[in-house]
$ cat my_file.txt   # compact mmCIF, C-alpha atoms
# COMPACT_ATOMS: atom_id res chain seq x y z
CA GLY R 1 3.14 -8.88 -15.21
CA ASN R 2 2.42 -5.40 -13.95
CA SER R 3 5.25 -3.44 -12.39
CA VAL R 4 6.11 0.07 -11.18
CA THR R 5 9.54 1.67 -11.19
CA GLN R 6 10.18 4.73 -9.06
CA MET R 7 12.98 7.19 -8.93
CA GLU R 8 15.49 6.02 -6.40
CA GLY R 9 15.87 8.00 -3.23
CA PRO R 10 16.43 9.37 -0.82
CA VAL R 11 15.69 12.87 -2.05
CA THR R 12 16.65 15.90 0.03
CA LEU R 13 15.46 19.39 -0.87
CA SER R 14 15.27 22.78 0.71
CA GLU R 15 11.93 24.33 1.60
CA GLU R 16 10.18 26.01 -1.36
CA ALA R 17 12.13 23.95 -3.91
CA PHE R 18 10.42 22.30 -6.88
CA LEU R 19 9.84 18.57 -6.54
CA THR R 20 9.66 15.84 -9.14
CA ILE R 21 9.54 12.14 -8.30
CA ASN R 22 9.59 9.98 -11.40
CA CYS R 23 7.36 6.93 -11.81
CA THR R 24 7.03 4.66 -14.81
CA TYR R 25 4.93 1.56 -15.14
CA THR R 26 4.43 -1.60 -17.15
CA ALA R 27 0.92 -2.95 -17.36
CA THR R 28 -1.52 -4.75 -19.58
CA GLY R 29 -4.76 -3.01 -20.36
CA TYR R 30 -5.62 0.32 -18.82
CA PRO R 31 -4.54 0.53 -15.19
CA SER R 32 -5.47 3.15 -12.64
CA LEU R 33 -2.49 5.02 -11.18
CA PHE R 34 -1.94 6.28 -7.66
CA TRP R 35 0.45 8.08 -5.39
CA TYR R 36 0.33 7.03 -1.75
CA VAL R 37 2.24 8.81 1.02
CA GLN R 38 3.49 7.53 4.35
CA TYR R 39 4.24 10.18 6.96
CA PRO R 40 6.48 9.22 9.88
CA GLY R 41 4.64 6.95 12.29
CA GLU R 42 1.47 6.81 10.19
CA GLY R 43 -0.17 4.43 7.75
CA LEU R 44 -0.21 4.80 4.00
CA GLN R 45 -2.60 7.45 2.72
CA LEU R 46 -3.87 8.07 -0.76
CA LEU R 47 -2.41 11.33 -2.05
CA LEU R 48 -3.89 11.42 -5.55
CA LYS R 49 -5.03 9.19 -8.38
CA ALA R 50 -5.84 9.10 -12.08
CA THR R 51 -7.97 6.45 -13.73
CA LYS R 52 -7.51 7.10 -17.45
CA ALA R 53 -5.00 8.51 -19.88
CA ASP R 54 -4.39 12.28 -19.73
CA ASP R 55 -6.18 12.56 -16.38
CA LYS R 56 -4.44 14.78 -13.85
CA GLY R 57 -4.68 13.92 -10.17
CA SER R 58 -4.06 16.68 -7.65
CA ASN R 59 -4.12 17.16 -3.90
CA LYS R 60 -2.33 19.35 -1.33
CA GLY R 61 -0.39 21.13 -4.10
CA PHE R 62 0.86 17.85 -5.59
CA GLU R 63 0.02 16.89 -9.18
CA ALA R 64 0.58 13.92 -11.46
CA THR R 65 -0.60 13.34 -15.03
CA TYR R 66 -1.37 9.89 -16.47
CA ARG R 67 0.79 9.68 -19.60
CA LYS R 68 0.00 6.56 -21.56
CA GLU R 69 2.43 7.32 -24.39
CA THR R 70 5.38 7.39 -21.98
CA THR R 71 3.82 5.03 -19.40
CA SER R 72 4.58 7.55 -16.69
CA PHE R 73 2.91 9.18 -13.70
CA HIS R 74 5.47 11.62 -12.31
CA LEU R 75 4.68 13.42 -9.06
CA GLU R 76 5.33 17.18 -8.93
CA LYS R 77 4.96 20.02 -6.46
CA GLY R 78 5.94 23.58 -7.11
CA SER R 79 7.04 24.56 -3.61
CA VAL R 80 7.67 21.91 -0.97
CA GLN R 81 7.32 22.36 2.77
CA VAL R 82 9.01 20.68 5.70
CA SER R 83 5.70 18.92 6.40
CA ASP R 84 5.97 17.12 3.03
CA SER R 85 8.80 15.00 4.40
CA ALA R 86 7.58 11.42 3.99
CA VAL R 87 7.93 8.29 1.88
CA TYR R 88 6.06 8.44 -1.43
CA PHE R 89 4.85 5.33 -3.28
CA CYS R 90 3.66 5.14 -6.85
CA ALA R 91 1.20 2.32 -7.49
CA LEU R 92 -1.11 0.88 -10.13
CA SER R 93 -4.11 -1.38 -10.19
CA GLY R 94 -5.90 -3.23 -12.94
CA GLN R 95 -9.62 -3.41 -13.29
CA GLY R 96 -11.58 -4.92 -10.46
CA ALA R 97 -10.25 -5.26 -6.94
CA GLN R 98 -7.50 -2.96 -5.76
CA LYS R 99 -4.61 -5.38 -5.90
CA LEU R 100 -2.17 -2.56 -5.95
CA VAL R 101 1.31 -3.01 -7.36
CA PHE R 102 3.66 -0.57 -5.62
CA GLY R 103 6.99 0.92 -6.51
CA GLN R 104 9.79 0.68 -3.97
CA GLY R 105 9.10 4.10 -2.49
CA THR R 106 11.03 7.37 -2.43
CA ARG R 107 11.99 8.94 0.87
CA LEU R 108 11.71 12.72 0.71
CA THR R 109 13.31 15.02 3.28
CA ILE R 110 12.68 18.75 3.21
CA ASN R 111 15.09 20.95 5.15
CA PRO R 112 14.01 24.38 6.44
CA ASP O 1 -14.74 6.95 10.84
CA THR O 2 -12.22 5.55 13.31
CA GLY O 3 -9.88 4.27 10.61
CA VAL O 4 -8.38 0.84 10.10
CA SER O 5 -6.84 -0.58 13.24
CA GLN O 6 -4.35 -3.40 13.52
CA ASP O 7 -3.25 -5.36 16.54
CA PRO O 8 -0.61 -5.85 17.76
CA ARG O 9 1.63 -3.05 16.50
CA HIS O 10 4.72 -5.14 17.09
CA LYS O 11 5.28 -8.88 17.47
CA ILE O 12 8.53 -10.62 18.25
CA THR O 13 8.52 -14.39 18.02
CA LYS O 14 10.90 -17.28 17.75
CA ARG O 15 11.27 -19.28 14.58
CA GLY O 16 8.77 -22.12 14.44
CA GLN O 17 6.11 -20.39 16.53
CA ASN O 18 2.66 -19.47 15.27
CA VAL O 19 1.46 -15.88 15.24
CA THR O 20 -1.91 -14.25 14.57
CA PHE O 21 -2.64 -10.66 13.63
CA ARG O 22 -5.96 -8.88 13.72
CA CYS O 23 -7.36 -6.15 11.51
CA ASP O 24 -10.50 -4.12 12.16
CA PRO O 25 -11.56 -2.29 8.99
CA ILE O 26 -13.67 0.82 8.70
CA SER O 27 -17.11 -0.41 9.67
CA GLU O 28 -19.04 -0.03 6.42
CA HIS O 29 -16.22 -1.22 4.16
CA ASN O 30 -16.90 -4.48 2.38
CA ARG O 31 -13.44 -5.13 0.97
CA LEU O 32 -10.42 -5.98 3.10
CA TYR O 33 -6.87 -6.47 1.90
CA TRP O 34 -3.64 -7.79 3.39
CA TYR O 35 -0.25 -6.61 2.16
CA ARG O 36 3.31 -7.32 3.28
CA GLN O 37 6.09 -4.75 3.26
CA THR O 38 9.78 -5.40 3.79
CA LEU O 39 12.33 -2.73 4.58
CA GLY O 40 13.01 -0.41 1.67
CA GLN O 41 10.33 -1.93 -0.53
CA GLY O 42 6.77 -1.13 -1.42
CA PRO O 43 3.90 -3.20 -0.06
CA GLU O 44 3.10 -6.49 -1.84
CA PHE O 45 -0.44 -7.81 -2.17
CA LEU O 46 -1.19 -11.00 -0.23
CA THR O 47 -4.94 -11.57 -0.28
CA TYR O 48 -8.31 -9.86 -0.21
CA PHE O 49 -11.86 -10.43 0.97
CA GLN O 50 -15.14 -9.14 -0.26
CA ASN O 51 -17.41 -9.39 2.75
CA GLU O 52 -16.58 -12.81 4.23
CA ALA O 53 -15.40 -14.42 0.99
CA GLN O 54 -11.68 -14.67 0.30
CA LEU O 55 -11.57 -13.97 -3.42
CA GLU O 56 -7.89 -14.05 -4.25
CA LYS O 57 -4.58 -15.13 -2.78
CA SER O 58 -1.16 -14.15 -4.06
CA ARG O 59 1.48 -16.75 -4.84
CA LEU O 60 3.40 -15.05 -2.02
CA LEU O 61 0.95 -16.59 0.44
CA SER O 62 2.44 -19.98 1.23
CA ASP O 63 0.53 -22.83 2.87
CA ARG O 64 1.75 -21.59 6.25
CA PHE O 65 -0.36 -18.46 5.89
CA SER O 66 -4.10 -18.39 6.41
CA ALA O 67 -6.51 -15.49 6.56
CA GLU O 68 -10.12 -15.33 7.64
CA ARG O 69 -12.84 -12.75 7.80
CA PRO O 70 -15.74 -14.27 9.68
CA LYS O 71 -19.04 -12.44 9.28
CA GLY O 72 -17.40 -9.96 6.96
CA SER O 73 -16.12 -7.75 9.76
CA PHE O 74 -12.65 -8.05 11.30
CA SER O 75 -9.98 -10.24 9.76
CA THR O 76 -7.15 -12.37 11.10
CA LEU O 77 -3.93 -13.39 9.43
CA GLU O 78 -2.17 -16.41 10.90
CA ILE O 79 1.34 -17.55 10.12
CA GLN O 80 2.24 -21.06 11.21
CA ARG O 81 5.79 -22.28 11.85
CA THR O 82 7.25 -18.82 11.33
CA GLU O 83 10.54 -18.43 9.48
CA GLN O 84 13.03 -15.57 9.57
CA GLY O 85 11.97 -14.64 6.04
CA ASP O 86 8.50 -13.85 7.38
CA SER O 87 9.89 -10.79 9.20
CA ALA O 88 8.09 -7.82 7.67
CA MET O 89 5.40 -5.22 8.22
CA TYR O 90 1.95 -6.69 7.62
CA LEU O 91 -0.53 -4.09 6.42
CA CYS O 92 -4.29 -4.26 6.33
CA ALA O 93 -6.45 -2.02 4.18
CA SER O 94 -10.15 -1.67 3.58
CA SER O 95 -12.37 -0.06 0.97
CA LEU O 96 -15.89 0.28 -0.26
CA LEU O 97 -16.60 -1.72 -3.38
CA GLY O 98 -16.55 0.83 -6.14
CA GLY O 99 -15.48 1.57 -9.66
CA ARG O 100 -12.05 2.21 -11.04
CA GLY O 101 -9.55 3.71 -8.66
CA GLU O 102 -11.33 2.85 -5.44
CA LYS O 103 -9.54 4.32 -2.44
CA LEU O 104 -7.83 2.04 0.04
CA PHE O 105 -7.55 3.03 3.69
CA PHE O 106 -4.52 1.49 5.34
CA GLY O 107 -3.86 0.64 8.95
CA SER O 108 -0.53 1.37 10.62
CA GLY O 109 0.55 -2.25 10.30
CA THR O 110 1.91 -5.04 12.48
CA GLN O 111 5.69 -5.29 12.53
CA LEU O 112 6.74 -8.93 12.82
CA SER O 113 10.25 -9.92 13.85
CA VAL O 114 11.15 -13.61 13.75
CA LEU O 115 14.27 -14.45 15.74
$ encode --input "my_file.txt" --output "structure tokens"
Amino acid sequence: GNSVTQMEGPVTLSEEAFLTINCTYTATGYPSLFWYVQYPGEGLQLLLKATKADDKGSNKGFEATYRKETTSFHLEKGSVQVSDSAVYFCALSGQGAQKLVFGQGTRLTINP
Amino acid sequence: DTGVSQDPRHKITKRGQNVTFRCDPISEHNRLYWYRQTLGQGPEFLTYFQNEAQLEKSRLLSDRFSAERPKGSFSTLEIQRTEQGDSAMYLCASSLLGGRGEKLFFGSGTQLSVL
């Protein structure tokens, strides 16, 4: 079945550092890929998505590129801020309804 | 857009009791999903509705679980004869039926603790 494997956390960085959170997936067909973020005390929010190979999703300075050849969707940001501290989830869905399959999440803490 | 709301935020119950959670989706959204999340894990799909029809249920959803969405608006998730293994965060999400990569809007969840 479909599955998502995320880089294990927690991850702690200093402000303005470069961020990479690795995500690889196993899926049949051509899934859509997502990064969701959960800020403290809030619900999950969609951060970015890509629906086909070589697509790049971007939002709030974060980027991720759908790499079919390596089955990866790594999240990157060039310069993180304290406000980026949150739990980040990589997820995929097949065609049709959004029965998302999530990774286990990566807790990110940014220190000033 | 008032967002997806879930009630209650927290529920503590004793093993063997029944509990019911409510989810109010964003008003024009026709799809509604339930997920379950345990500590340190990502959410797991339980079931979803398109309007009032329940179209799919995960194997995770045992016979003790039932969900409804009367009139295609709010939804309820009931767990009968709760067990300690049911302790988790129960998340509701809604979306507009769309193409690939449709965006889900999540509520803040109901945290269930079974003693």
$ interface_residues --input "my_file.txt" --of "chain O" --to "chain R" --cutoff "9 Å" --atoms "only C-alpha atoms" --output "PyMOL selection string"
chain O and resi 31+33+40-48+91+95+97-109
$ closest_residue --input "my_file.txt" --among "R:Lys60, R:Asp54, R:Thr12, R:Gly1" --to "Phe73 in chain R" --atoms "all atoms listed in the file"
R:Asp54
$ residues_around --input "my_file.txt" --residues "Pro70 in chain O" --least-positions-apart "6" --cutoff "12 Å" --atoms "only C-alpha atoms" --output "number ranges by chain"
O: 22-24, 32, 49-54, 76-77
$ residues_around --input "my_file.txt" --residues "Asn111 in chain R" --least-positions-apart "3" --cutoff "8 Å" --atoms "all atoms listed in the file" --output "PDB file with C-alpha atoms, in the frame of the given file"
ATOM      1  CA  THR R  12      16.650  15.900   0.030  1.00  0.00           C
ATOM      2  CA  LEU R  13      15.460  19.390  -0.870  1.00  0.00           C
ATOM      3  CA  SER R  14      15.270  22.780   0.710  1.00  0.00           C
ATOM      4  CA  GLU R  15      11.930  24.330   1.600  1.00  0.00           C
ATOM      5  CA  VAL R  82       9.010  20.680   5.700  1.00  0.00           C
TER       6      VAL R  82
END
$ residues_around --input "my_file.txt" --residues "Gln17 in chain O" --least-positions-apart "2" --cutoff "10 Å" --atoms "only C-alpha atoms" --output "VMD selection string"
chain O and resid 13 to 15 19 79 to 83 114
$ atom_distance --input "my_file.txt" --atom1 "CA of Arg36 in chain O" --atom2 "CA of Leu61 in chain O"
10.0 Å
$ atom_distance --input "my_file.txt" --atom1 "CA of Ala67 in chain O" --atom2 "CA of Asn18 in chain O"
13.3 Å
$ residues_near_point --input "my_file.txt" --point "(7.2, -5.3, 9.7)" --cutoff "10 Å" --atoms "only C-alpha atoms" --output "compact mmCIF listing (two decimals) with C-alpha atoms, keeping the file's coordinate frame"
# COMPACT_ATOMS: atom_id res chain seq x y z
CA ARG O 9 1.63 -3.05 16.50
CA HIS O 10 4.72 -5.14 17.09
CA LYS O 11 5.28 -8.88 17.47
CA ARG O 36 3.31 -7.32 3.28
CA GLN O 37 6.09 -4.75 3.26
CA THR O 38 9.78 -5.40 3.79
CA LEU O 39 12.33 -2.73 4.58
CA ASP O 86 8.50 -13.85 7.38
CA SER O 87 9.89 -10.79 9.20
CA ALA O 88 8.09 -7.82 7.67
CA MET O 89 5.40 -5.22 8.22
CA TYR O 90 1.95 -6.69 7.62
CA LEU O 91 -0.53 -4.09 6.42
CA GLY O 109 0.55 -2.25 10.30
CA THR O 110 1.91 -5.04 12.48
CA GLN O 111 5.69 -5.29 12.53
CA LEU O 112 6.74 -8.93 12.82
CA SER O 113 10.25 -9.92 13.85
$ atom_distance --input "my_file.txt" --atom1 "CA of Ser3 in chain R" --atom2 "CA of Ala27 in chain R"
6.6 Å
$ axis_aligned_box --input "my_file.txt" --around "range 19-36 of chain R" --padding-each-side "6 Å" --output "JSON"
{"center_x": 2.1, "center_y": 6.9, "center_z": -11.1, "size_x": 27.5, "size_y": 35.3, "size_z": 30.6}
$ closest_residue --input "my_file.txt" --among "O:Gly72, O:Pro8, O:Glu56, O:Gln84" --to "Thr20 in chain O" --atoms "all atoms listed in the file"
O:Pro8
$ closest_residue --input "my_file.txt" --among "R:Ile110, R:Cys23, R:Ala17, R:Val11" --to "Ala64 in chain R" --atoms "all atoms listed in the file"
R:Cys23
$ build_atoms --input "my_file.txt" --residues "range 23-41 of chain R" --atoms "N, CA, C and O atoms" --output "mmCIF file, in the frame of the given file"
data_model
loop_
_atom_site.group_PDB
_atom_site.id
_atom_site.type_symbol
_atom_site.label_atom_id
_atom_site.label_comp_id
_atom_site.auth_asym_id
_atom_site.auth_seq_id
_atom_site.Cartn_x
_atom_site.Cartn_y
_atom_site.Cartn_z
ATOM 1 N N CYS R 23 8.007 8.243 -11.915
ATOM 2 C CA CYS R 23 7.360 6.930 -11.810
ATOM 3 C C CYS R 23 7.011 6.467 -13.215
ATOM 4 O O CYS R 23 6.360 7.201 -13.965
ATOM 5 N N THR R 24 7.442 5.283 -13.564
ATOM 6 C CA THR R 24 7.030 4.660 -14.810
ATOM 7 C C THR R 24 6.442 3.295 -14.503
ATOM 8 O O THR R 24 6.732 2.697 -13.470
ATOM 9 N N TYR R 25 5.620 2.817 -15.420
ATOM 10 C CA TYR R 25 4.930 1.560 -15.140
ATOM 11 C C TYR R 25 4.911 0.666 -16.379
ATOM 12 O O TYR R 25 5.088 1.110 -17.509
ATOM 13 N N THR R 26 4.692 -0.604 -16.114
ATOM 14 C CA THR R 26 4.430 -1.600 -17.150
ATOM 15 C C THR R 26 3.151 -2.305 -16.767
ATOM 16 O O THR R 26 3.021 -2.785 -15.639
ATOM 17 N N ALA R 27 2.201 -2.330 -17.690
ATOM 18 C CA ALA R 27 0.920 -2.950 -17.360
ATOM 19 C C ALA R 27 0.208 -3.369 -18.631
ATOM 20 O O ALA R 27 0.394 -2.776 -19.688
ATOM 21 N N THR R 28 -0.621 -4.376 -18.483
ATOM 22 C CA THR R 28 -1.520 -4.750 -19.580
ATOM 23 C C THR R 28 -2.829 -4.012 -19.368
ATOM 24 O O THR R 28 -3.229 -3.703 -18.239
ATOM 25 N N GLY R 29 -3.470 -3.704 -20.459
ATOM 26 C CA GLY R 29 -4.760 -3.010 -20.360
ATOM 27 C C GLY R 29 -4.591 -1.566 -19.950
ATOM 28 O O GLY R 29 -3.597 -0.920 -20.253
ATOM 29 N N TYR R 30 -5.567 -1.094 -19.193
ATOM 30 C CA TYR R 30 -5.620 0.320 -18.820
ATOM 31 C C TYR R 30 -5.703 0.443 -17.303
ATOM 32 O O TYR R 30 -6.781 0.497 -16.726
ATOM 33 N N PRO R 31 -4.531 0.485 -16.662
ATOM 34 C CA PRO R 31 -4.540 0.530 -15.190
ATOM 35 C C PRO R 31 -4.986 1.878 -14.663
ATOM 36 O O PRO R 31 -4.988 2.876 -15.386
ATOM 37 N N SER R 32 -5.345 1.907 -13.392
ATOM 38 C CA SER R 32 -5.470 3.150 -12.640
ATOM 39 C C SER R 32 -4.136 3.385 -11.946
ATOM 40 O O SER R 32 -3.445 2.436 -11.569
ATOM 41 N N LEU R 33 -3.793 4.661 -11.765
ATOM 42 C CA LEU R 33 -2.490 5.020 -11.180
ATOM 43 C C LEU R 33 -2.691 5.855 -9.931
ATOM 44 O O LEU R 33 -3.634 6.659 -9.858
ATOM 45 N N PHE R 34 -1.794 5.658 -8.971
ATOM 46 C CA PHE R 34 -1.940 6.280 -7.660
ATOM 47 C C PHE R 34 -0.584 6.754 -7.138
ATOM 48 O O PHE R 34 0.458 6.192 -7.471
ATOM 49 N N TRP R 35 -0.650 7.761 -6.287
ATOM 50 C CA TRP R 35 0.450 8.080 -5.390
ATOM 51 C C TRP R 35 -0.079 7.976 -3.966
ATOM 52 O O TRP R 35 -1.095 8.592 -3.621
ATOM 53 N N TYR R 36 0.621 7.151 -3.170
ATOM 54 C CA TYR R 36 0.330 7.030 -1.750
ATOM 55 C C TYR R 36 1.510 7.656 -0.994
ATOM 56 O O TYR R 36 2.657 7.614 -1.448
ATOM 57 N N VAL R 37 1.214 8.180 0.207
ATOM 58 C CA VAL R 37 2.240 8.810 1.020
ATOM 59 C C VAL R 37 2.199 8.216 2.420
ATOM 60 O O VAL R 37 1.127 7.885 2.937
ATOM 61 N N GLN R 38 3.381 8.046 2.987
ATOM 62 C CA GLN R 38 3.490 7.530 4.350
ATOM 63 C C GLN R 38 4.277 8.516 5.187
ATOM 64 O O GLN R 38 5.503 8.625 5.038
ATOM 65 N N TYR R 39 3.573 9.251 6.052
ATOM 66 C CA TYR R 39 4.240 10.180 6.960
ATOM 67 C C TYR R 39 4.820 9.401 8.128
ATOM 68 O O TYR R 39 4.337 8.314 8.463
ATOM 69 N N PRO R 40 5.837 9.938 8.769
ATOM 70 C CA PRO R 40 6.480 9.220 9.880
ATOM 71 C C PRO R 40 5.474 8.770 10.935
ATOM 72 O O PRO R 40 4.678 9.569 11.424
ATOM 73 N N GLY R 41 5.501 7.475 11.242
ATOM 74 C CA GLY R 41 4.640 6.950 12.290
ATOM 75 C C GLY R 41 3.193 6.742 11.898
ATOM 76 O O GLY R 41 2.360 6.384 12.743
#
